[in-house]
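Everything below belongs to my_file29.cif, which stores mmCIF, C-alpha atoms and all ligand atoms.
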data_work
#
loop_
_atom_site.label_atom_id
_atom_site.label_comp_id
_atom_site.auth_asym_id
_atom_site.auth_seq_id
_atom_site.Cartn_x
_atom_site.Cartn_y
_atom_site.Cartn_z
CA MET A 873 35.68 -41.68 79.90
CA ASN A 874 38.38 -40.71 77.46
CA TYR A 875 36.32 -39.79 74.42
CA PRO A 876 37.67 -39.92 70.87
CA VAL A 877 37.68 -36.86 68.57
CA TYR A 878 34.05 -36.21 67.58
CA LEU A 879 33.44 -36.00 63.83
CA ASP A 880 29.85 -37.22 63.79
CA TYR A 881 27.94 -33.93 63.96
CA ASN A 882 25.45 -35.10 61.32
CA SER A 883 24.36 -37.75 63.73
CA THR A 884 23.83 -35.33 66.59
CA THR A 885 25.36 -32.20 68.12
CA PRO A 886 26.05 -31.27 71.74
CA CYS A 887 23.51 -28.94 73.32
CA SER A 888 24.97 -25.42 73.62
CA PRO A 889 25.50 -24.25 77.23
CA GLU A 890 23.27 -21.21 76.55
CA VAL A 891 20.54 -23.60 75.39
CA ILE A 892 20.80 -25.70 78.54
CA GLU A 893 20.72 -22.54 80.65
CA ALA A 894 17.62 -21.30 78.83
CA MET A 895 15.85 -24.63 79.36
CA LEU A 896 16.53 -25.18 83.07
CA PRO A 897 13.88 -22.87 84.64
CA TRP A 898 11.17 -24.59 82.58
CA PHE A 899 11.68 -27.89 84.37
CA GLY A 900 11.16 -26.51 87.87
CA GLU A 901 10.26 -22.93 88.63
CA HIS A 902 8.08 -22.46 85.53
CA PHE A 903 6.57 -25.91 85.27
CA GLY A 904 3.13 -24.89 83.99
CA ASN A 905 1.24 -26.60 81.19
CA ALA A 906 1.22 -24.30 78.16
CA ALA A 907 -2.37 -25.42 77.48
CA SER A 908 -3.64 -24.30 80.91
CA LYS A 909 -5.53 -21.18 79.90
CA SER A 910 -6.99 -20.28 83.29
CA HIS A 911 -3.95 -19.32 85.39
CA ALA A 912 -0.54 -17.69 85.40
CA PHE A 913 1.45 -20.96 85.36
CA GLY A 914 -0.07 -21.77 81.99
CA TRP A 915 0.18 -18.24 80.60
CA VAL A 916 3.90 -18.00 81.38
CA ALA A 917 4.59 -21.37 79.74
CA GLU A 918 2.49 -20.44 76.71
CA ASN A 919 4.39 -17.17 76.29
CA ALA A 920 7.69 -19.05 76.37
CA VAL A 921 6.42 -21.48 73.74
CA GLU A 922 5.27 -18.65 71.50
CA GLU A 923 8.61 -16.85 71.82
CA ALA A 924 10.38 -20.08 70.85
CA ARG A 925 7.99 -20.57 67.94
CA GLU A 926 8.94 -17.12 66.65
CA ARG A 927 12.66 -17.93 66.91
CA VAL A 928 12.28 -21.25 65.10
CA ALA A 929 10.22 -19.54 62.40
CA ASN A 930 12.96 -16.91 61.95
CA LEU A 931 15.55 -19.58 61.27
CA ILE A 932 13.64 -20.75 58.19
CA GLY A 933 11.98 -17.50 57.11
CA ALA A 934 8.49 -18.62 58.15
CA LYS A 935 5.69 -17.05 60.17
CA SER A 936 5.40 -18.34 63.72
CA LYS A 937 1.83 -19.58 63.18
CA GLU A 938 3.24 -21.93 60.52
CA ILE A 939 5.39 -23.89 63.00
CA VAL A 940 4.06 -27.15 64.48
CA PHE A 941 6.22 -28.60 67.26
CA THR A 942 6.77 -32.36 67.13
CA SER A 943 8.97 -34.87 68.96
CA GLY A 944 11.62 -34.59 66.25
CA ALA A 945 12.03 -34.72 62.51
CA THR A 946 10.96 -38.36 62.19
CA GLU A 947 7.55 -37.40 63.56
CA ALA A 948 7.41 -34.24 61.43
CA ILE A 949 8.15 -36.34 58.34
CA ASN A 950 5.45 -38.89 59.25
CA LEU A 951 2.97 -36.06 59.79
CA ALA A 952 3.78 -34.46 56.45
CA ILE A 953 3.74 -37.59 54.29
CA LYS A 954 1.05 -39.73 55.91
CA GLY A 955 -0.96 -36.62 56.79
CA ILE A 956 -1.14 -35.40 53.21
CA PHE A 957 -1.91 -38.90 51.98
CA GLU A 958 -4.88 -39.07 54.37
CA TRP A 959 -6.14 -35.65 53.27
CA TYR A 960 -6.32 -36.88 49.67
CA ALA A 961 -7.54 -40.35 50.68
CA GLN A 962 -10.65 -38.72 52.20
CA ARG A 963 -11.36 -37.36 48.72
CA LYS A 964 -10.81 -40.79 47.14
CA ASP A 965 -8.27 -39.34 44.69
CA ASN A 966 -5.68 -41.45 42.88
CA GLN A 967 -2.37 -40.64 44.50
CA HIS A 968 1.13 -40.48 43.08
CA TYR A 969 4.18 -39.24 44.99
CA ILE A 970 7.70 -38.36 43.92
CA THR A 971 10.72 -38.81 46.13
CA CYS A 972 14.34 -39.86 45.73
CA GLN A 973 16.31 -43.05 46.42
CA THR A 974 18.77 -41.15 48.63
CA GLU A 975 16.23 -39.80 51.12
CA HIS A 976 16.47 -40.56 54.85
CA LYS A 977 14.92 -43.84 56.03
CA ALA A 978 12.18 -41.91 57.84
CA VAL A 979 10.97 -40.65 54.46
CA LEU A 980 11.47 -43.91 52.57
CA ASP A 981 9.66 -45.94 55.23
CA CYS A 982 6.69 -43.57 55.13
CA PHE A 983 6.47 -44.03 51.38
CA SER A 984 6.63 -47.81 51.56
CA GLU A 985 3.74 -47.53 54.01
CA LEU A 986 1.81 -45.37 51.52
CA GLU A 987 2.46 -47.92 48.78
CA LYS A 988 0.84 -50.57 50.99
CA ARG A 989 -2.14 -48.23 51.34
CA GLY A 990 -2.50 -47.90 47.54
CA ALA A 991 -0.36 -44.91 46.53
CA ALA A 992 2.03 -45.00 43.57
CA VAL A 993 5.53 -43.73 44.37
CA THR A 994 8.37 -42.76 42.03
CA TYR A 995 11.80 -43.08 43.62
CA LEU A 996 14.06 -40.88 41.51
CA PRO A 997 17.61 -42.09 40.91
CA VAL A 998 20.65 -39.81 41.36
CA ARG A 999 23.77 -39.35 39.27
CA ARG A 1000 27.13 -40.90 40.26
CA ASP A 1001 27.95 -37.73 42.21
CA GLY A 1002 24.66 -37.81 44.15
CA THR A 1003 23.02 -34.96 42.26
CA LEU A 1004 19.50 -34.96 40.90
CA ASP A 1005 18.56 -34.86 37.19
CA LEU A 1006 15.96 -32.06 37.13
CA GLU A 1007 14.68 -33.00 33.66
CA LEU A 1008 14.04 -36.54 34.81
CA PHE A 1009 12.34 -35.15 37.91
CA GLU A 1010 10.07 -32.87 35.91
CA ALA A 1011 9.22 -35.66 33.48
CA SER A 1012 8.11 -37.86 36.37
CA ILE A 1013 5.30 -35.48 37.42
CA ARG A 1014 1.89 -36.94 36.51
CA SER A 1015 -1.62 -35.56 36.52
CA ASP A 1016 -2.28 -37.44 39.79
CA THR A 1017 0.96 -36.41 41.51
CA LYS A 1018 0.01 -35.18 44.96
CA MET A 1019 3.34 -34.36 46.58
CA ILE A 1020 7.03 -33.99 45.79
CA CYS A 1021 9.32 -34.92 48.66
CA LEU A 1022 13.00 -34.11 48.18
CA MET A 1023 15.46 -33.41 50.98
CA TRP A 1024 17.37 -30.14 51.28
CA ALA A 1025 20.75 -31.74 52.01
CA ASN A 1026 21.76 -35.36 52.27
CA ASN A 1027 22.78 -36.63 55.70
CA GLU A 1028 25.42 -39.05 54.37
CA THR A 1029 27.11 -37.07 51.61
CA GLY A 1030 26.08 -33.47 52.33
CA ILE A 1031 24.87 -33.05 48.71
CA ILE A 1032 22.44 -30.12 48.47
CA HIS A 1033 19.43 -30.41 46.17
CA PRO A 1034 18.52 -27.35 44.04
CA ILE A 1035 15.56 -26.47 46.23
CA GLU A 1036 14.65 -23.22 44.46
CA GLU A 1037 14.39 -24.94 41.06
CA ILE A 1038 12.47 -27.88 42.54
CA ALA A 1039 10.05 -25.48 44.25
CA LYS A 1040 9.54 -23.62 40.97
CA ILE A 1041 8.75 -26.82 39.09
CA ALA A 1042 6.39 -27.94 41.88
CA GLU A 1043 4.62 -24.58 41.78
CA GLU A 1044 4.27 -24.64 37.96
CA ASN A 1045 2.70 -28.08 38.19
CA ASN A 1046 0.50 -27.23 41.16
CA VAL A 1047 1.96 -29.94 43.36
CA ILE A 1048 2.76 -29.72 47.08
CA PHE A 1049 6.47 -29.66 47.88
CA PHE A 1050 7.77 -31.13 51.13
CA THR A 1051 11.45 -31.00 52.07
CA ASP A 1052 13.35 -32.70 54.87
CA ALA A 1053 15.68 -29.85 55.85
CA VAL A 1054 17.14 -31.56 58.93
CA GLN A 1055 20.77 -31.38 57.81
CA ALA A 1056 20.52 -27.91 56.29
CA ALA A 1057 18.70 -25.96 59.02
CA GLY A 1058 21.13 -24.02 61.18
CA LYS A 1059 24.05 -24.94 58.91
CA ILE A 1060 23.30 -22.98 55.74
CA PRO A 1061 20.74 -20.23 55.16
CA ILE A 1062 17.40 -21.74 54.19
CA SER A 1063 13.98 -20.29 53.49
CA VAL A 1064 10.50 -21.73 53.09
CA ARG A 1065 9.96 -19.69 49.92
CA GLY A 1066 8.20 -22.00 47.45
CA VAL A 1067 8.03 -24.82 49.99
CA HIS A 1068 4.73 -26.05 51.47
CA LEU A 1069 6.00 -28.36 54.20
CA LEU A 1070 9.46 -28.57 55.81
CA ALA A 1071 10.86 -30.71 58.63
CA ILE A 1072 13.63 -29.76 61.07
CA SER A 1073 15.16 -31.22 64.23
CA ALA A 1074 16.72 -29.32 67.15
CA HIS A 1075 19.42 -31.83 68.07
CA LYS A 1076 21.10 -31.35 64.70
CA PHE A 1077 21.76 -27.69 65.46
CA TYR A 1078 22.97 -27.69 69.06
CA GLY A 1079 19.52 -27.94 70.61
CA PRO A 1080 17.99 -30.73 72.70
CA LYS A 1081 17.00 -34.17 71.43
CA GLY A 1082 13.37 -35.21 71.08
CA ILE A 1083 12.07 -31.94 69.70
CA GLY A 1084 11.53 -30.85 66.11
CA ALA A 1085 9.08 -28.98 63.98
CA LEU A 1086 7.04 -29.19 60.82
CA TYR A 1087 6.53 -25.99 58.87
CA VAL A 1088 3.04 -25.97 57.33
CA ARG A 1089 2.44 -23.11 54.91
CA HIS A 1090 -0.49 -20.98 56.00
CA ASN A 1091 -2.90 -20.95 53.06
CA HIS A 1092 -6.50 -22.03 53.41
CA SER A 1093 -6.77 -23.37 49.89
CA LEU A 1094 -3.90 -25.86 50.34
CA PRO A 1095 -4.31 -29.46 51.51
CA LYS A 1096 -3.30 -29.81 55.17
CA PRO A 1097 -1.72 -32.88 56.76
CA TYR A 1098 -4.14 -34.90 58.86
CA ALA A 1099 -3.02 -35.31 62.47
CA GLN A 1100 -1.18 -38.53 63.17
CA ILE A 1101 -1.49 -38.12 66.96
CA SER A 1102 -4.99 -37.35 68.19
CA GLY A 1103 -6.07 -35.96 71.53
CA GLY A 1104 -6.51 -32.52 73.03
CA GLY A 1105 -6.07 -30.68 69.74
CA HIS A 1106 -2.76 -28.99 70.60
CA GLU A 1107 -0.70 -27.32 67.88
CA LYS A 1108 -3.83 -26.24 65.98
CA GLY A 1109 -4.97 -29.85 65.88
CA PHE A 1110 -1.93 -31.00 63.88
CA ARG A 1111 -0.33 -32.75 66.85
CA SER A 1112 -1.96 -33.43 70.17
CA GLY A 1113 -0.07 -33.93 73.41
CA THR A 1114 1.10 -31.65 76.25
CA LEU A 1115 3.88 -29.47 74.90
CA ASN A 1116 7.44 -30.20 76.01
CA VAL A 1117 8.07 -26.63 77.17
CA PRO A 1118 11.76 -26.99 78.20
CA ALA A 1119 12.65 -28.66 74.88
CA ILE A 1120 10.68 -26.10 72.87
CA VAL A 1121 12.42 -23.24 74.71
CA GLY A 1122 15.75 -24.97 74.01
CA MET A 1123 14.95 -25.37 70.33
CA GLY A 1124 14.04 -21.69 70.13
CA LYS A 1125 17.28 -20.64 71.80
CA ALA A 1126 19.33 -22.94 69.56
CA ALA A 1127 17.60 -21.52 66.46
CA GLU A 1128 18.34 -17.97 67.58
CA ILE A 1129 22.02 -18.76 68.18
CA ARG A 1130 22.40 -20.53 64.83
CA LEU A 1131 20.99 -17.59 62.97
CA SER A 1132 23.83 -15.41 64.24
CA GLU A 1133 26.58 -18.08 64.21
CA MET A 1134 26.19 -20.10 61.07
CA GLN A 1135 27.44 -17.60 58.51
CA GLY A 1136 30.82 -17.15 60.23
CA GLU A 1137 31.15 -20.84 60.92
CA TYR A 1138 30.55 -21.83 57.30
CA HIS A 1139 33.98 -20.71 56.07
CA ARG A 1140 35.88 -21.98 59.09
CA LEU A 1141 34.33 -25.43 58.77
CA LYS A 1142 34.74 -25.55 55.00
CA GLU A 1143 38.44 -24.82 55.35
CA LEU A 1144 38.86 -27.52 57.97
CA ARG A 1145 36.78 -30.01 55.98
CA ASP A 1146 38.74 -29.30 52.80
CA LYS A 1147 42.03 -29.75 54.63
CA LEU A 1148 40.88 -33.10 56.03
CA GLU A 1149 39.46 -34.21 52.71
CA GLN A 1150 42.61 -33.35 50.76
CA ARG A 1151 44.67 -35.35 53.20
CA LEU A 1152 42.34 -38.35 53.12
CA ILE A 1153 41.83 -38.62 49.38
CA GLU A 1154 45.59 -38.85 48.92
CA LEU A 1155 45.59 -42.10 50.89
CA PRO A 1156 45.77 -45.34 48.83
CA ASN A 1157 42.49 -46.24 47.06
CA ALA A 1158 40.52 -43.43 48.69
CA VAL A 1159 37.58 -42.02 46.72
CA LEU A 1160 35.33 -39.08 47.57
CA ASN A 1161 31.61 -39.88 47.41
CA GLY A 1162 29.53 -36.99 46.12
CA SER A 1163 30.01 -33.87 44.09
CA GLN A 1164 32.79 -31.41 45.08
CA HIS A 1165 30.29 -28.58 44.63
CA GLY A 1166 26.84 -27.95 46.05
CA ARG A 1167 27.71 -29.73 49.27
CA LEU A 1168 27.36 -28.86 52.95
CA PRO A 1169 30.62 -27.26 54.15
CA HIS A 1170 31.24 -29.66 57.01
CA VAL A 1171 30.63 -33.10 55.45
CA SER A 1172 32.92 -35.49 53.64
CA ASN A 1173 32.09 -39.06 52.69
CA ILE A 1174 35.06 -41.17 51.62
CA SER A 1175 35.44 -44.81 50.56
CA PHE A 1176 38.69 -46.64 51.26
CA GLY A 1177 39.14 -49.43 48.71
CA GLY A 1178 40.87 -52.71 49.52
CA VAL A 1179 39.97 -52.82 53.22
CA GLU A 1180 37.18 -54.55 55.05
CA GLY A 1181 34.48 -52.06 56.05
CA GLU A 1182 33.57 -53.29 59.51
CA GLU A 1183 37.20 -53.60 60.58
CA LEU A 1184 37.99 -50.14 59.20
CA LEU A 1185 35.17 -48.46 61.12
CA ARG A 1186 35.93 -50.30 64.35
CA LYS A 1187 39.58 -49.26 64.23
CA VAL A 1188 38.95 -45.63 63.16
CA CYS A 1189 36.36 -45.19 65.92
CA GLN A 1190 38.95 -46.05 68.58
CA LYS A 1191 40.27 -42.51 68.15
CA VAL A 1192 37.74 -40.67 65.96
CA ALA A 1193 33.96 -40.96 66.34
CA VAL A 1194 32.52 -41.21 62.81
CA SER A 1195 29.72 -43.04 61.04
CA SER A 1196 30.08 -45.58 58.31
CA GLY A 1197 28.31 -45.58 55.00
CA SER A 1198 26.69 -48.81 56.03
CA ALA A 1199 23.73 -49.85 58.09
CA CYS A 1200 24.85 -52.22 60.82
CA SER A 1201 21.40 -53.50 61.69
CA SER A 1202 22.39 -56.97 60.52
CA ILE A 1203 25.41 -59.17 61.23
CA THR A 1204 26.88 -58.38 57.82
CA PRO A 1205 26.74 -54.61 57.44
CA LYS A 1206 24.91 -53.52 54.33
CA PRO A 1207 26.33 -50.66 52.26
CA SER A 1208 24.23 -47.54 52.65
CA HIS A 1209 21.25 -47.15 50.34
CA VAL A 1210 22.54 -43.65 49.52
CA LEU A 1211 25.89 -44.88 48.22
CA LEU A 1212 24.26 -47.78 46.37
CA ALA A 1213 21.89 -45.32 44.67
CA MET A 1214 24.96 -43.36 43.57
CA GLY A 1215 26.31 -46.53 41.94
CA VAL A 1216 29.11 -47.09 44.46
CA ASP A 1217 30.35 -50.68 44.41
CA PRO A 1218 28.87 -52.53 47.44
CA ASP A 1219 32.29 -53.51 48.86
CA LEU A 1220 33.54 -49.96 48.53
CA GLY A 1221 30.26 -48.76 50.03
CA ARG A 1222 30.84 -50.92 53.08
CA ALA A 1223 34.29 -49.36 53.52
CA SER A 1224 32.99 -45.77 53.51
CA ILE A 1225 33.19 -43.24 56.27
CA ARG A 1226 31.21 -40.06 56.81
CA PHE A 1227 33.21 -37.34 58.51
CA SER A 1228 30.99 -34.52 59.75
CA LEU A 1229 32.55 -31.53 61.47
CA GLY A 1230 30.98 -28.97 63.79
CA LYS A 1231 31.28 -26.04 66.12
CA HIS A 1232 33.91 -27.58 68.38
CA THR A 1233 36.11 -29.10 65.66
CA ASP A 1234 39.56 -27.53 65.43
CA GLU A 1235 42.67 -27.91 63.33
CA GLN A 1236 44.21 -30.36 65.79
CA ASP A 1237 41.18 -32.66 65.45
CA VAL A 1238 41.50 -32.60 61.69
CA ASP A 1239 45.27 -33.28 61.76
CA ASP A 1240 44.86 -36.08 64.29
CA THR A 1241 42.10 -37.63 62.19
CA GLY A 1242 44.20 -37.55 59.03
CA ASP A 1243 47.13 -39.19 60.86
CA TRP A 1244 44.98 -41.82 62.50
CA VAL A 1245 43.11 -42.89 59.35
CA ALA A 1246 46.48 -43.20 57.55
CA ASP A 1247 47.79 -45.36 60.44
CA VAL A 1248 44.66 -47.52 60.41
CA LEU A 1249 44.98 -48.20 56.68
CA GLU A 1250 48.64 -49.22 57.21
CA ILE A 1251 47.70 -51.52 60.10
CA LEU A 1252 44.90 -53.16 58.10
CA LYS A 1253 47.19 -53.64 55.09
CA LYS A 1254 49.80 -55.38 57.25
CA GLN A 1255 47.13 -57.68 58.73
CA ASP A 1256 46.09 -58.81 55.24
C1 LIG A 1301 18.06 -36.10 56.85
C2 LIG A 1301 17.44 -36.56 58.12
N1 LIG A 1301 16.10 -36.63 58.21
C3 LIG A 1301 15.49 -37.02 59.34
C4 LIG A 1301 16.20 -37.36 60.46
C5 LIG A 1301 15.47 -37.78 61.72
O1 LIG A 1301 15.55 -36.76 62.69
P1 LIG A 1301 15.16 -37.02 64.22
O2 LIG A 1301 16.38 -37.58 64.87
O3 LIG A 1301 14.83 -35.67 64.78
O4 LIG A 1301 13.99 -37.92 64.27
C6 LIG A 1301 17.60 -37.31 60.42
C7 LIG A 1301 18.41 -37.72 61.58
O5 LIG A 1301 19.28 -38.54 61.49
C8 LIG A 1301 18.24 -36.88 59.22
O6 LIG A 1301 19.56 -36.82 59.11
#
Could you quickly redo this structure as structure tokens?
Amino acid sequence: MNYPVYLDYNSTTPCSPEVIEAMLPWFGEHFGNAASKSHAFGWVAENAVEEARERVANLIGAKSKEIVFTSGATEAINLAIKGIFEWYAQRKDNQHYITCQTEHKAVLDCFSELEKRGAAVTYLPVRRDGTLDLELFEASIRSDTKMICLMWANNETGIIHPIEEIAKIAEENNVIFFTDAVQAAGKIPISVRGVHLLAISAHKFYGPKGIGALYVRHNHSLPKPYAQISGGGHEKGFRSGTLNVPAIVGMGKAAEIRLSEMQGEYHRLKELRDKLEQRLIELPNAVLNGSQHGRLPHVSNISFGGVEGEELLRKVCQKVAVSSGSACSSITPKPSHVLLAMGVDPDLGRASIRFSLGKHTDEQDVDDTGDWVADVLEILKKQD
């Protein structure tokens, strides 16, 4: 298979060879169940899990006992949102939640579920450049607000929310703060300071797919998410099910590598991204979506006016693997909810491309991408 250039690292990343190597013995030689307390097979597996837990905790500045392994971030998000709702529902409290229109579908779908179950939800708008109005946010907090849920960095635009300020406002108002940090973890330094719940996913930082974690702040007086998967009481009762030891070991290894790699990579990727972006926004009718500042270093979301979105993506993807700013779950692709929330015209939204760079991206990839997108726009113009 002759693969195109890969610029879709926000979608997923390749597992690092060191991660694969670290995982392999846990499929065969060390196959024990980490919950088997009575023999050496179990003890060895449990030790490996605990070492991985420590490494994952280090990546986000948490304590290892605050890490709950899940099957990925979607599950961690469900556990956080539905779990907290159920904690308060037991107490028959009125429940109000605050989130944002540009959150990931996993978050938005959980909230529409909560609405069906009787919760009130405020979906904050964003400015044209994707940033949040903190005054509006603060004004939306009510006496019955139970949780604030705002992502660390947006998966489509790379826009970073001011997490420290949000955490401070949450703390002042005595409200739980949950953040989906999937796109930030392992890319930029993050810390759980001021955060009560935080979701991450290994496959976004060169670890295996199907494994993630929810950070749950250790504090007995705080509400705790109710388990969404019941059974043997694994993971301190937050998430039952036999632990996926190889994946957990892989996530731990990936977290450890990212901690040492990400700082150096930041500048290299930012330079490459900026070079690509400068080239692309000079093309006819190209517009950058999202603020120039406060953005992940490896992400660029650009709309190309005057061309048909589906055709544009199909052609670009022949040589460069990227994602569109549209959801293609229907015959007519819908512009992304993130771009619509930013006030991007629907037609322009459909003709938007997210370029996300990563560890293996080099200057040649960026030059080839610039050339190819320019060629594609020429071809599409001629076809008109
Ligand atoms: C911001 C964000 N949240 C959540 C998820 C879901 O993560 P997972 O693939 O681990 O379920 C993704 C993945 O696309 C994401 O980008």
Kindly work out which residues sit at most 9 Å from ligand LIG 1301 (chain A), using all atoms listed in the file, and give the list as JSON, numbers by chain.
-> {"A": [882, 883, 884, 943, 944, 945, 946, 947, 948, 949, 975, 976, 977, 978, 979, 1023, 1024, 1025, 1026, 1027, 1028, 1052, 1053, 1054, 1055, 1056, 1071, 1072, 1073, 1074, 1075, 1076, 1081, 1082, 1083, 1084, 1085]}
Got a sec: who's within 9 Å of Glu1149 of chain A, counting all atoms listed in the file, leaving out chain neighbours fewer than 2 positions off, as number ranges by chain?
-> A: 1144-1147, 1151-1154, 1160, 1172-1174, 1242
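The residue set within 10 Å of Leu896 of chain A, counting only C-alpha atoms and dropping same-chain residues fewer than 5 places from it, reads Val891, Glu901, His902, Pro1118, Ala1119, Val1121 and Gly1122 of chain A.
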Nearest to His1106 of chain A, chosen from A:Val877, A:His911, A:Pro997, A:Val940, with all atoms listed in the file counted in the distances = A:Val940
Surrounding residues of Ile1020 of chain A excluding itself and chain neighbours under 4 positions, 10 Å, all atoms listed in the file, as an mmCIF file with C-alpha atoms, keeping the file's coordinate frame:
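For reference, result18.cif as written:
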data_model
loop_
_atom_site.group_PDB
_atom_site.id
_atom_site.type_symbol
_atom_site.label_atom_id
_atom_site.label_comp_id
_atom_site.auth_asym_id
_atom_site.auth_seq_id
_atom_site.Cartn_x
_atom_site.Cartn_y
_atom_site.Cartn_z
ATOM 1 C CA ILE A 953 3.740 -37.590 54.290
ATOM 2 C CA HIS A 968 1.130 -40.480 43.080
ATOM 3 C CA TYR A 969 4.180 -39.240 44.990
ATOM 4 C CA ILE A 970 7.700 -38.360 43.920
ATOM 5 C CA THR A 971 10.720 -38.810 46.130
ATOM 6 C CA CYS A 972 14.340 -39.860 45.730
ATOM 7 C CA VAL A 993 5.530 -43.730 44.370
ATOM 8 C CA THR A 994 8.370 -42.760 42.030
ATOM 9 C CA PHE A 1009 12.340 -35.150 37.910
ATOM 10 C CA ILE A 1013 5.300 -35.480 37.420
ATOM 11 C CA ILE A 1038 12.470 -27.880 42.540
ATOM 12 C CA ALA A 1039 10.050 -25.480 44.250
ATOM 13 C CA ILE A 1041 8.750 -26.820 39.090
ATOM 14 C CA ALA A 1042 6.390 -27.940 41.880
ATOM 15 C CA VAL A 1047 1.960 -29.940 43.360
ATOM 16 C CA ILE A 1048 2.760 -29.720 47.080
ATOM 17 C CA PHE A 1049 6.470 -29.660 47.880
ATOM 18 C CA PHE A 1050 7.770 -31.130 51.130
ATOM 19 C CA THR A 1051 11.450 -31.000 52.070
#
Will you model all heavy atoms for segment 991-996 of chain A and pass it back as a short mmCIF file (atom, residue, chain, number, x, y, z; two decimals), in the coordinates of the input?
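Saved to result_26.cif:
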data_model
loop_
_atom_site.label_atom_id
_atom_site.label_comp_id
_atom_site.auth_asym_id
_atom_site.auth_seq_id
_atom_site.Cartn_x
_atom_site.Cartn_y
_atom_site.Cartn_z
N ALA A 991 -0.95 -46.02 47.29
CA ALA A 991 -0.36 -44.91 46.53
C ALA A 991 0.70 -45.44 45.56
O ALA A 991 1.31 -46.49 45.81
CB ALA A 991 0.26 -43.90 47.48
N ALA A 992 0.92 -44.71 44.48
CA ALA A 992 2.03 -45.00 43.57
C ALA A 992 3.17 -44.05 43.92
O ALA A 992 2.93 -42.88 44.19
CB ALA A 992 1.60 -44.79 42.13
N VAL A 993 4.40 -44.58 43.97
CA VAL A 993 5.53 -43.73 44.37
C VAL A 993 6.67 -43.87 43.36
O VAL A 993 7.05 -44.99 43.00
CB VAL A 993 6.06 -44.12 45.78
CG1 VAL A 993 7.19 -43.18 46.20
CG2 VAL A 993 4.93 -44.10 46.82
N THR A 994 7.18 -42.75 42.89
CA THR A 994 8.37 -42.76 42.03
C THR A 994 9.57 -42.43 42.90
O THR A 994 9.58 -41.41 43.59
CB THR A 994 8.25 -41.68 40.91
OG1 THR A 994 7.11 -42.01 40.11
CG2 THR A 994 9.50 -41.63 40.06
N TYR A 995 10.56 -43.32 42.87
CA TYR A 995 11.80 -43.08 43.62
C TYR A 995 12.86 -42.66 42.61
O TYR A 995 13.42 -43.50 41.90
CB TYR A 995 12.25 -44.35 44.35
CG TYR A 995 11.25 -44.83 45.40
CD1 TYR A 995 10.22 -45.73 45.08
CD2 TYR A 995 11.33 -44.36 46.71
CE1 TYR A 995 9.31 -46.16 46.03
CE2 TYR A 995 10.41 -44.79 47.68
CZ TYR A 995 9.41 -45.68 47.33
OH TYR A 995 8.50 -46.10 48.28
N LEU A 996 13.12 -41.38 42.52
CA LEU A 996 14.06 -40.88 41.51
C LEU A 996 15.48 -41.38 41.79
O LEU A 996 15.91 -41.41 42.95
CB LEU A 996 14.08 -39.35 41.52
CG LEU A 996 12.80 -38.66 41.06
CD1 LEU A 996 12.89 -37.16 41.37
CD2 LEU A 996 12.56 -38.88 39.57
#
